[in-house]
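Remarks on the structure that follows.
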Amino acid sequence: MNVKSKTIIMKTMIRVCLSLCLFAAFVAACKKDNSNSGTPKSSLTLSKGSVKMGEPLVVATNATGSNLFTKWSVNPSANTWISSANNKTVILFSSPGTYVVTATYFTDSTSPMPYDSSSSPVVVTDSVYNDSVATCNVLQQVPINSGDQITLTPISYSDTGLVLLSHTQQTYGNYYPSLGIVQLTDSSDGVYDFGFGAVTESPCNASTNTPTPATGILSFSGLTNGTHNITIALNGVPYQGTLVVTDTDCTFTWNYTSGIIISPLQIQKR
């Protein structure tokens with residue numbers, strides 16, 4: 001066999017090898033695309049697309065995995081509170097606007113980098129959630145758990161007074177439990193005395209199938225300029241502070257970081 005013939009054979013063999021490699025890569029790519037096409041993109045389900053300030057929003061993901069670890073976040077994060085339980089989260093908002101809820105997925109709790117994420121927008125209206133309509137004919141009341149704490153968030157001041165959203169840190173019931181609030185004095189002398197009572201649950205109307213914080217509204221009516229003494233009781237423990245009212249704003253002095261928390265401590269009149 002001459003040199004020219006050997007050269008032709010070598011070139012043919014190289015072409016065949018390259019063709020086989022390209023075919024193998026094409027088959028592998030097709031298999032990968034087919035496997036991905038059978039796996040749906042992870043998505044979020046919201047209990048509502050629009051909620052009021054202080055109304056619990058329940059968000060769930062359809063992502064699954066034996067060691068799946070989910071981190072939840074809200075953008076913007078200001079004026080929000082999140083309670084997470086891996087594939088579900090409960091979010092409270094204290095300011096109107098449009099927010100984006102995101103679930104970021106990790107293969108396990110030690111993974112440094114996520115492998116996927118899902119996001120969904122939610123609109124918070126300029127209204128305060130105060131569901132006093134009976135949604136169940138078999139209501140039940142349970143005491144506030146020992147060790148629970150309550151957060152108060154000033155959100156508005158109008159001619160009718162100062163309004164604070166209140167919610168527990170722990171969860172109750174399955175249908176937006178209501179937090180009982182009792183005004184213990186008539187505030188005629190400028191002293192405000194409140195107490196948190198039982199949590200009202202609606203066991204026959206558990207549409208979300210997810211326990212949520214108990215929520216309520218604490219109102220300071222008939223406020224006048226000056227310094228007012230405040231006492232708020234939780235599970236028999238009194239918490240005391242002051243509220244200074246001026247023509248422009250309301251400022252709390254509240255030296256507690258547990259039990260009953262007020263944040264922010266100042267709000268402008270509007």
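Following the order of the structure tokens, first chain is A, next is B, and so on, with residues numbered from 1 inside each chain and ligands from 1 in the order they appear.
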
Quick one: contact table of range 178-261 of chain A to range 58-82 of chain A, 10 Å max, nearest atom pair and distance in Å to one decimal per residue, counting only C-alpha atoms, chain and number order, as CSV?
residue,atom,partner,partner_atom,distance
A:Thr208,CA,A:Val58,CA,7.3
A:Asn209,CA,A:Val58,CA,9.6
A:Thr210,CA,A:Val58,CA,7.6
A:Pro211,CA,A:Val58,CA,9.3
A:Thr212,CA,A:Val58,CA,8.2

For the interface of range 218-263 of chain A with range 157-173 of chain A (cut-off 7 Å, counting only C-alpha atoms), please tabulate each contacting residue of range 218-263 of chain A alongside its nearest pair of atoms and their separation in Å to one decimal, rows sorted by chain and increasing number, as JSON lines.
{"residue": "A:Leu218", "atom": "CA", "partner": "A:Leu164", "partner_atom": "CA", "distance": 5.1}
{"residue": "A:Ser219", "atom": "CA", "partner": "A:Val163", "partner_atom": "CA", "distance": 4.7}
{"residue": "A:Phe220", "atom": "CA", "partner": "A:Leu162", "partner_atom": "CA", "distance": 5.0}
{"residue": "A:Ser221", "atom": "CA", "partner": "A:Gly161", "partner_atom": "CA", "distance": 4.5}
{"residue": "A:Gly222", "atom": "CA", "partner": "A:Gly161", "partner_atom": "CA", "distance": 6.1}
{"residue": "A:Leu223", "atom": "CA", "partner": "A:Gly161", "partner_atom": "CA", "distance": 6.2}

Using only C-alpha atoms, pick whichever of A:Val245, A:Val100, A:Gly259, A:Ser178 has the shortest atom-to-atom distance to Gly49 in chain A.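 Ranked by minimum distance to Gly49 in chain A, first place goes to A:Val100.
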
With only C-alpha atoms as the basis for distance, which of A:Gln141, A:Thr248, A:Ser94, A:Asn255 is at the shortest distance from Lys52 in chain A?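 Among the listed residues, the smallest separation from Lys52 in chain A belongs to A:Ser94.
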
State, in Å with one decimal place, the distance from CA of Ala233 in chain A to CA of Met53 in chain A.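 CA of Met53 in chain A lies 24.0 Å from CA of Ala233 in chain A.
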
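Minimum atom-to-atom distance to Phe196 in chain A, evaluated using only C-alpha atoms, belongs to A:Gly236 out of A:Gly236, A:Pro114, A:Pro96, A:Pro177.
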
Using only C-alpha atoms, pick whichever of A:Gly195, A:Leu265, A:Lys88, A:Ile217 has the shortest atom-to-atom distance to Pro238 in chain A. A:Gly195

CA of Ile232 in chain A to CA of Gln149 in chain A, straight-line distance in Å: 12.2 Å

Gln140 in chain A surroundings by only C-alpha atoms, 7 Å radius, close-in-sequence under 5 positions cut, as a PyMOL selection string: chain A and resi 200-202

Just N, CA, C and O atoms for this one: save the residues we selected as an mmCIF file, in the first residue's frame.
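Writing done, so here's result.cif:
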data_model
loop_
_atom_site.group_PDB
_atom_site.id
_atom_site.type_symbol
_atom_site.label_atom_id
_atom_site.label_comp_id
_atom_site.auth_asym_id
_atom_site.auth_seq_id
_atom_site.Cartn_x
_atom_site.Cartn_y
_atom_site.Cartn_z
ATOM 1 N N THR A 200 -59.060 33.441 69.454
ATOM 2 C CA THR A 200 -60.264 32.826 68.905
ATOM 3 C C THR A 200 -59.929 32.097 67.608
ATOM 4 O O THR A 200 -59.407 32.700 66.671
ATOM 5 N N GLU A 201 -60.223 30.803 67.565
ATOM 6 C CA GLU A 201 -59.969 29.979 66.390
ATOM 7 C C GLU A 201 -61.286 29.564 65.742
ATOM 8 O O GLU A 201 -62.329 29.508 66.393
ATOM 9 N N SER A 202 -61.216 29.263 64.437
ATOM 10 C CA SER A 202 -62.384 28.801 63.683
ATOM 11 C C SER A 202 -62.095 27.401 63.159
ATOM 12 O O SER A 202 -61.698 27.232 62.000
#
